[in-house]
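Q: Input file: entry-v6.cif. Contents: mmCIF, C-alpha atoms.
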```cif
data_data
loop_
_atom_site.label_atom_id
_atom_site.label_comp_id
_atom_site.auth_asym_id
_atom_site.auth_seq_id
_atom_site.Cartn_x
_atom_site.Cartn_y
_atom_site.Cartn_z
CA MET A 1 120.80 44.04 192.15
CA LYS A 2 121.02 41.50 189.33
CA ILE A 3 122.77 42.79 186.23
CA LEU A 4 122.88 41.15 182.82
CA VAL A 5 125.43 42.42 180.29
CA CYS A 6 124.78 41.56 176.65
CA ILE A 7 128.01 40.64 174.86
CA SER A 8 128.47 40.67 171.09
CA HIS A 9 131.26 38.58 169.54
CA VAL A 10 132.67 40.88 166.84
CA PRO A 11 135.75 41.05 164.59
CA ASP A 12 138.67 43.10 165.84
CA THR A 13 138.78 46.43 164.02
CA THR A 14 142.26 45.62 162.70
CA SER A 15 141.05 42.43 160.97
CA LYS A 16 141.03 42.19 157.20
CA ILE A 17 137.43 41.62 156.11
CA ASN A 18 136.47 39.35 153.23
CA PHE A 19 133.28 37.69 151.99
CA THR A 20 132.53 34.32 150.44
CA GLU A 21 129.73 32.59 148.52
CA GLY A 22 129.23 35.46 146.11
CA ASP A 23 129.66 38.14 148.81
CA THR A 24 126.71 36.75 150.80
CA LYS A 25 128.65 35.33 153.77
CA PHE A 26 131.28 36.81 156.07
CA ASP A 27 134.61 34.96 155.88
CA THR A 28 135.80 34.25 159.42
CA ASN A 29 139.12 32.65 158.39
CA GLY A 30 142.03 34.40 160.08
CA VAL A 31 139.78 36.90 161.87
CA GLN A 32 140.41 37.73 165.53
CA PHE A 33 137.18 38.19 167.52
CA VAL A 34 136.76 40.41 170.59
CA ILE A 35 134.12 41.77 172.94
CA ASN A 36 132.14 44.48 171.15
CA PRO A 37 133.67 47.79 172.37
CA ASN A 38 130.33 49.32 173.41
CA ASP A 39 129.58 46.15 175.40
CA GLU A 40 133.00 46.30 177.06
CA PHE A 41 132.22 49.78 178.38
CA GLY A 42 128.99 48.35 179.79
CA LEU A 43 130.72 45.37 181.35
CA THR A 44 133.23 47.65 183.06
CA ARG A 45 130.40 49.74 184.50
CA ALA A 46 128.69 46.58 185.71
CA MET A 47 131.90 45.61 187.51
CA TRP A 48 131.79 48.96 189.32
CA PHE A 49 128.27 48.15 190.57
CA LYS A 50 129.50 44.72 191.66
CA GLU A 51 132.43 46.11 193.62
CA LYS A 52 130.70 49.17 195.11
CA GLN A 53 127.15 47.88 195.64
CA GLY A 54 127.48 44.11 195.74
CA ALA A 55 125.59 43.50 192.50
CA SER A 56 125.76 40.14 190.75
CA VAL A 57 126.86 40.26 187.11
CA ALA A 58 126.02 37.77 184.38
CA VAL A 59 126.97 38.04 180.71
CA VAL A 60 124.99 36.65 177.79
CA ASN A 61 125.63 36.05 174.11
CA VAL A 62 123.53 34.66 171.28
CA GLY A 63 125.80 32.51 169.15
CA GLY A 64 127.51 29.19 168.54
CA PRO A 65 130.38 27.55 170.46
CA GLU A 66 132.88 29.83 168.68
CA THR A 67 131.72 32.73 170.89
CA GLU A 68 132.66 31.03 174.16
CA PRO A 69 136.24 32.41 174.29
CA THR A 70 134.73 35.91 174.23
CA LEU A 71 132.40 34.99 177.11
CA ARG A 72 135.34 33.50 179.00
CA LYS A 73 137.18 36.78 178.62
CA ALA A 74 134.18 38.56 180.16
CA LEU A 75 134.32 36.07 183.05
CA ALA A 76 138.05 36.75 183.43
CA ILE A 77 137.31 40.47 183.65
CA GLY A 78 135.06 39.70 186.62
CA ALA A 79 131.56 38.61 185.61
CA ASP A 80 130.10 35.91 187.89
CA GLU A 81 128.51 33.68 185.26
CA ALA A 82 127.96 33.44 181.53
CA ILE A 83 125.05 32.33 179.36
CA ARG A 84 125.19 31.34 175.71
CA VAL A 85 122.00 30.94 173.70
CA ASN A 86 122.90 28.24 171.22
CA THR A 87 121.80 29.74 167.91
CA GLU A 88 123.34 31.88 165.21
CA ALA A 89 122.76 35.63 165.54
CA VAL A 90 121.30 36.27 162.10
CA ASP A 91 118.78 39.04 162.79
CA GLY A 92 118.40 41.81 165.38
CA PHE A 93 114.78 41.00 166.23
CA ALA A 94 115.49 37.29 166.62
CA VAL A 95 118.44 38.08 168.90
CA ALA A 96 116.30 40.44 170.98
CA LYS A 97 113.65 37.72 171.42
CA GLN A 98 116.25 35.23 172.63
CA LEU A 99 117.70 37.77 175.07
CA ALA A 100 114.26 38.79 176.32
CA LYS A 101 113.56 35.17 177.29
CA VAL A 102 116.83 35.01 179.25
CA ILE A 103 116.00 38.30 180.98
CA GLU A 104 112.51 37.24 181.96
CA ASP A 105 113.64 33.85 183.26
CA GLY A 106 116.49 35.43 185.24
CA ALA A 107 114.46 38.36 186.62
CA TYR A 108 117.30 40.83 186.05
CA ASP A 109 116.98 44.35 187.41
CA LEU A 110 119.41 46.05 185.03
CA VAL A 111 120.32 45.02 181.49
CA ILE A 112 123.37 46.70 179.97
CA ALA A 113 123.77 46.37 176.21
CA GLY A 114 125.98 48.24 173.80
CA ARG A 115 124.31 50.98 171.77
CA GLU A 116 125.30 49.00 168.67
CA SER A 117 127.73 46.31 167.62
CA ILE A 118 130.62 47.25 165.36
CA ASP A 119 129.96 44.47 162.85
CA TYR A 120 126.40 45.09 161.62
CA ASN A 121 125.85 48.47 163.36
CA GLY A 122 122.11 47.82 163.57
CA GLY A 123 121.60 49.69 166.84
CA MET A 124 118.22 47.99 167.33
CA VAL A 125 118.63 45.23 169.90
CA PRO A 126 118.63 47.25 173.18
CA GLY A 127 115.38 49.05 172.34
CA MET A 128 113.73 45.83 171.23
CA ILE A 129 114.76 44.10 174.47
CA ALA A 130 113.20 46.90 176.51
CA ALA A 131 109.95 46.69 174.53
CA LEU A 132 109.76 42.91 174.78
CA THR A 133 110.40 42.89 178.55
CA ASN A 134 108.35 46.01 179.34
CA ALA A 135 111.37 47.71 180.92
CA ASN A 136 112.42 51.35 180.92
CA PHE A 137 115.02 52.24 178.28
CA VAL A 138 117.83 54.79 177.92
CA ASN A 139 119.88 54.76 174.72
CA ASN A 140 123.26 56.39 173.96
CA CYS A 141 123.95 56.21 177.69
CA ILE A 142 127.22 57.80 178.88
CA SER A 143 126.60 57.83 182.65
CA LEU A 144 124.59 55.64 185.00
CA GLU A 145 124.02 55.69 188.75
CA VAL A 146 121.64 53.39 190.63
CA GLU A 147 120.34 53.87 194.16
CA GLY A 148 117.89 51.21 195.30
CA THR A 149 115.31 50.91 192.53
CA ASN A 150 115.95 54.41 191.17
CA ALA A 151 118.41 55.22 188.38
CA THR A 152 119.90 58.42 187.01
CA ALA A 153 121.31 58.26 183.50
CA THR A 154 122.91 60.72 181.11
CA ARG A 155 122.65 60.21 177.38
CA GLU A 156 124.01 61.96 174.33
CA ILE A 157 121.53 63.91 172.23
CA ASP A 158 121.97 66.15 169.20
CA GLY A 159 123.91 69.18 170.36
CA GLY A 160 124.43 68.13 173.96
CA LYS A 161 123.56 65.78 176.81
CA GLU A 162 120.37 64.94 178.67
CA THR A 163 120.09 63.61 182.23
CA VAL A 164 117.03 61.54 183.06
CA THR A 165 115.72 59.73 186.12
CA THR A 166 113.93 56.42 185.89
CA SER A 167 113.42 53.19 187.80
CA LEU A 168 114.34 49.53 187.55
CA PRO A 169 113.89 47.29 185.65
CA LEU A 170 115.96 49.21 183.13
CA VAL A 171 117.68 48.50 179.82
CA ILE A 172 120.43 50.82 178.61
CA GLY A 173 122.27 51.12 175.32
CA GLY A 174 125.74 52.05 176.52
CA GLN A 175 128.66 53.58 174.68
CA LYS A 176 132.03 55.25 175.19
CA GLY A 177 131.70 57.59 178.15
CA LEU A 178 129.84 55.11 180.34
CA VAL A 179 133.37 54.56 181.62
CA GLU A 180 136.63 56.02 180.38
CA GLU A 181 138.86 54.00 178.09
CA SER A 182 141.51 54.07 180.80
CA ASP A 183 139.07 52.21 183.09
CA LEU A 184 138.74 49.19 180.77
CA ARG A 185 140.19 46.04 182.30
CA ILE A 186 142.66 43.57 180.86
CA PRO A 187 142.21 40.10 182.37
CA ASN A 188 145.12 39.08 184.59
CA MET A 189 146.34 35.54 185.13
CA ARG A 190 144.31 35.10 188.32
CA GLY A 191 141.16 36.24 186.53
CA ILE A 192 141.82 33.88 183.62
CA MET A 193 142.30 30.92 185.97
CA MET A 194 139.16 31.77 187.95
CA ALA A 195 137.15 32.14 184.72
CA ARG A 196 137.73 28.45 183.96
CA LYS A 197 135.79 27.51 187.10
CA LYS A 198 132.90 29.93 186.63
CA PRO A 199 129.64 28.58 185.20
CA LEU A 200 128.97 28.96 181.47
CA GLN A 201 125.41 27.82 180.81
CA VAL A 202 124.30 26.86 177.30
CA LEU A 203 120.59 27.37 176.62
CA GLU A 204 118.68 26.06 173.64
CA PRO A 205 116.91 28.85 171.73
CA ILE A 206 113.21 29.53 171.68
CA VAL A 207 111.44 29.13 168.35
CA THR A 208 111.62 32.37 166.39
CA GLU A 209 112.07 33.51 162.82
CA ALA A 210 114.37 36.16 161.40
CA GLU A 211 112.57 39.25 160.13
CA THR A 212 115.43 40.34 157.86
CA THR A 213 118.01 38.62 155.68
CA SER A 214 121.39 39.89 154.50
CA VAL A 215 121.29 39.73 150.71
CA LYS A 216 124.82 40.83 149.83
CA PHE A 217 127.87 42.51 151.33
CA GLU A 218 130.01 45.04 149.51
CA LYS A 219 133.32 46.58 150.51
CA PRO A 220 133.79 50.36 150.27
CA ALA A 221 135.21 51.49 146.96
CA PRO A 222 139.02 51.76 146.99
CA LYS A 223 140.45 55.22 147.33
CA GLY A 224 141.42 56.92 144.10
CA ALA A 225 144.87 58.06 143.09
CA VAL A 226 146.40 60.98 144.96
CA THR A 227 147.98 63.94 143.22
CA LEU A 228 150.81 65.57 145.14
CA VAL A 229 151.31 69.30 144.78
CA ALA A 230 154.41 71.17 145.95
CA PRO A 231 153.69 73.48 148.91
CA ASP A 232 154.79 76.55 146.96
CA ASN A 233 152.79 75.76 143.80
CA LEU A 234 149.47 77.37 144.66
CA ASP A 235 148.55 78.00 141.05
CA GLU A 236 148.65 74.28 140.25
CA LEU A 237 146.62 73.48 143.39
CA VAL A 238 143.92 76.00 142.45
CA SER A 239 143.85 74.65 138.89
CA LEU A 240 143.40 71.07 140.07
CA LEU A 241 140.67 71.98 142.53
CA HIS A 242 138.86 73.94 139.83
CA ASN A 243 139.31 71.74 136.75
CA GLU A 244 139.63 68.18 138.12
CA ALA A 245 138.05 68.08 141.56
CA LYS A 246 135.53 70.77 140.57
CA VAL A 247 135.10 71.92 144.15
CA ILE A 248 135.74 75.61 143.43
#
```
Would you mind writing the structure in this file as structure tokens?
A:
Amino acid sequence: MKILVCISHVPDTTSKINFTEGDTKFDTNGVQFVINPNDEFGLTRAMWFKEKQGASVAVVNVGGPETEPTLRKALAIGADEAIRVNTEAVDGFAVAKQLAKVIEDGAYDLVIAGRESIDYNGGMVPGMIAALTNANFVNNCISLEVEGTNATATREIDGGKETVTTSLPLVIGGQKGLVEESDLRIPNMRGIMMARKKPLQVLEPIVTEAETTSVKFEKPAPKGAVTLVAPDNLDELVSLLHNEAKVI
């Protein structure tokens, strides 16, 4: 089984976010980038298929040279090879088209993508990939088993979970639950050294146009002042909730 794991290069959640050029561009200065958490769950599951079923695992990213350290980390975790499509990821549909070309050329059986990336939170790329490659698709996937060309997946739905059966080729939008957080792997020194020798192929992009453009970014409004009320002063609390907060 050939597996392709889509890797997004995203800011660490602890990074301080700023914008430049009139709040139209993301300021990358001083920002630490990591593997998108949803993609990391998928990569860990792919490693299970590699170790238990002998699958081959490739990782792919659409982005410039600055994303290569993130791909190298995926190689250090255990992926066999990495692919970088040499173009900026400016639009979900454009990214999906680039990835679809890689998938078709590589004839992958299983494509594991994160349900969404934690930077733009578009949640659109996995479904678009499936449509463009004519593959089956399971989103919000929290469990996946593959036997031969048949797959059983569990996904989150409103109010519960749903288990479905399908066949390869398959695209999934994975998330927390696909593996447990305790199963995530930290690259060790041996893995880091081996990653330096593994192939990282750079592909030139196909011609495509972005369907959307980010016009402006805006930070959430700062939190307002907090009024502290003594635990034994219930009358003041009720008065504030009634007259100022107007929630009662």
Q: Give me the result of the PyMOL selection byres ((chain A and resi 184-198) around 9) on this file, residue by residue, as a count of residues only.
A: 22
Q: Restrict the calculation to all atoms listed in the file, then for each residue of region 3-94 of chain A with any atom at most 12 Å from an atom of region 98-106 of chain A give the closest atom pair and their distance in Å to one decimal, rows by chain and rising residue number, as CSV.
A:
```
residue,atom,partner,partner_atom,distance
A:Ile3,CA,A:Ile103,CA,9.7
A:Leu4,CA,A:Ile103,CA,7.7
A:Val5,CA,A:Ile103,CA,10.3
A:Cys6,CA,A:Leu99,CA,8.2
A:Ile7,CA,A:Leu99,CA,10.7
A:Ser8,CA,A:Leu99,CA,11.8
A:Ser56,CA,A:Gly106,CA,11.8
A:Val57,CA,A:Gly106,CA,11.6
A:Ala58,CA,A:Gly106,CA,9.9
A:Val59,CA,A:Val102,CA,10.7
A:Val60,CA,A:Leu99,CA,7.9
A:Asn61,CA,A:Leu99,CA,8.2
A:Val62,CA,A:Gln98,CA,7.4
A:Gly63,CA,A:Gln98,CA,10.5
A:Ala82,CA,A:Val102,CA,11.5
A:Ile83,CA,A:Val102,CA,8.6
A:Arg84,CA,A:Val102,CA,9.8
A:Val85,CA,A:Gln98,CA,7.3
A:Asn86,CA,A:Gln98,CA,9.8
A:Thr87,CA,A:Gln98,CA,9.1
A:Glu88,CA,A:Gln98,CA,10.8
A:Ala89,CA,A:Gln98,CA,9.6
A:Val90,CA,A:Gln98,CA,11.7
A:Asp91,CA,A:Gln98,CA,10.9
A:Gly92,CA,A:Gln98,CA,10.0
A:Phe93,CA,A:Gln98,CA,8.7
A:Ala94,CA,A:Gln98,CA,6.4
```
Q: So the first atom is CA of Glu51 (chain A) and the second is CA of Lys2 (chain A); what is the distance between them in Å, to one decimal place?
A: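 Taking CA of Glu51 (chain A) as the start and CA of Lys2 (chain A) as the end point, the length is 13.0 Å.
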Q: Could you pull the residues within 7 Å of Gly173 (chain A), counting only C-alpha atoms, minus those fewer than 4 positions along the same chain, as an mmCIF file with C-alpha atoms, in the frame of the given file?
A:
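File produced: selection_7.cif:
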```cif
data_model
loop_
_atom_site.group_PDB
_atom_site.id
_atom_site.type_symbol
_atom_site.label_atom_id
_atom_site.label_comp_id
_atom_site.auth_asym_id
_atom_site.auth_seq_id
_atom_site.Cartn_x
_atom_site.Cartn_y
_atom_site.Cartn_z
ATOM 1 C CA ILE A 112 123.370 46.700 179.970
ATOM 2 C CA ALA A 113 123.770 46.370 176.210
ATOM 3 C CA GLY A 114 125.980 48.240 173.800
ATOM 4 C CA ARG A 115 124.310 50.980 171.770
ATOM 5 C CA PRO A 126 118.630 47.250 173.180
ATOM 6 C CA VAL A 138 117.830 54.790 177.920
ATOM 7 C CA ASN A 139 119.880 54.760 174.720
ATOM 8 C CA ASN A 140 123.260 56.390 173.960
ATOM 9 C CA CYS A 141 123.950 56.210 177.690
#
```
Q: Apply the PyMOL selection byres ((chain A and resi 31) around 10) to the displayed file and report the matching residues as a ChimeraX atom specification.
A: /A:10-18,27-30,32-34
Q: Work out how far apart CA of Leu71 (chain A) and CA of Ser117 (chain A) are and give it in Å to one decimal.
A: 15.5 Å
Q: Using only C-alpha atoms, find the one residue out of A:Glu116, A:Asp109, A:Glu145, A:Glu21 that sits nearest to Asn38 (chain A).
A: A:Glu116
Q: For the provided coordinates, the residues matched by the PyMOL selection byres ((chain A and resi 168) around 8) should be stated as a count of residues only.
A: 11
Q: Can you pull out the residues contacting Leu228 (chain A)? Cut-off 12 Å, using all atoms listed in the file, and skip same-chain residues under 5 positions away; I want them as a CSV table (one decimal) with C-alpha atoms, in the frame of the given file.
A:
```csv
chain,number,residue,atom,x,y,z
A,233,ASN,CA,152.8,75.8,143.8
A,234,LEU,CA,149.5,77.4,144.7
A,236,GLU,CA,148.6,74.3,140.2
A,237,LEU,CA,146.6,73.5,143.4
A,240,LEU,CA,143.4,71.1,140.1
```
Q: So what do you get for CA of Gly127 (chain A) versus CA of Lys97 (chain A), distance-wise?
A: 11.5 Å
Q: Rank nothing, just name the residue among A:Ala230, A:Gly159, A:Pro65, A:Phe26 nearest to Gln201 (chain A), using only C-alpha atoms.
A: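 Selected residue with least distance to Gln201 (chain A): A:Pro65.
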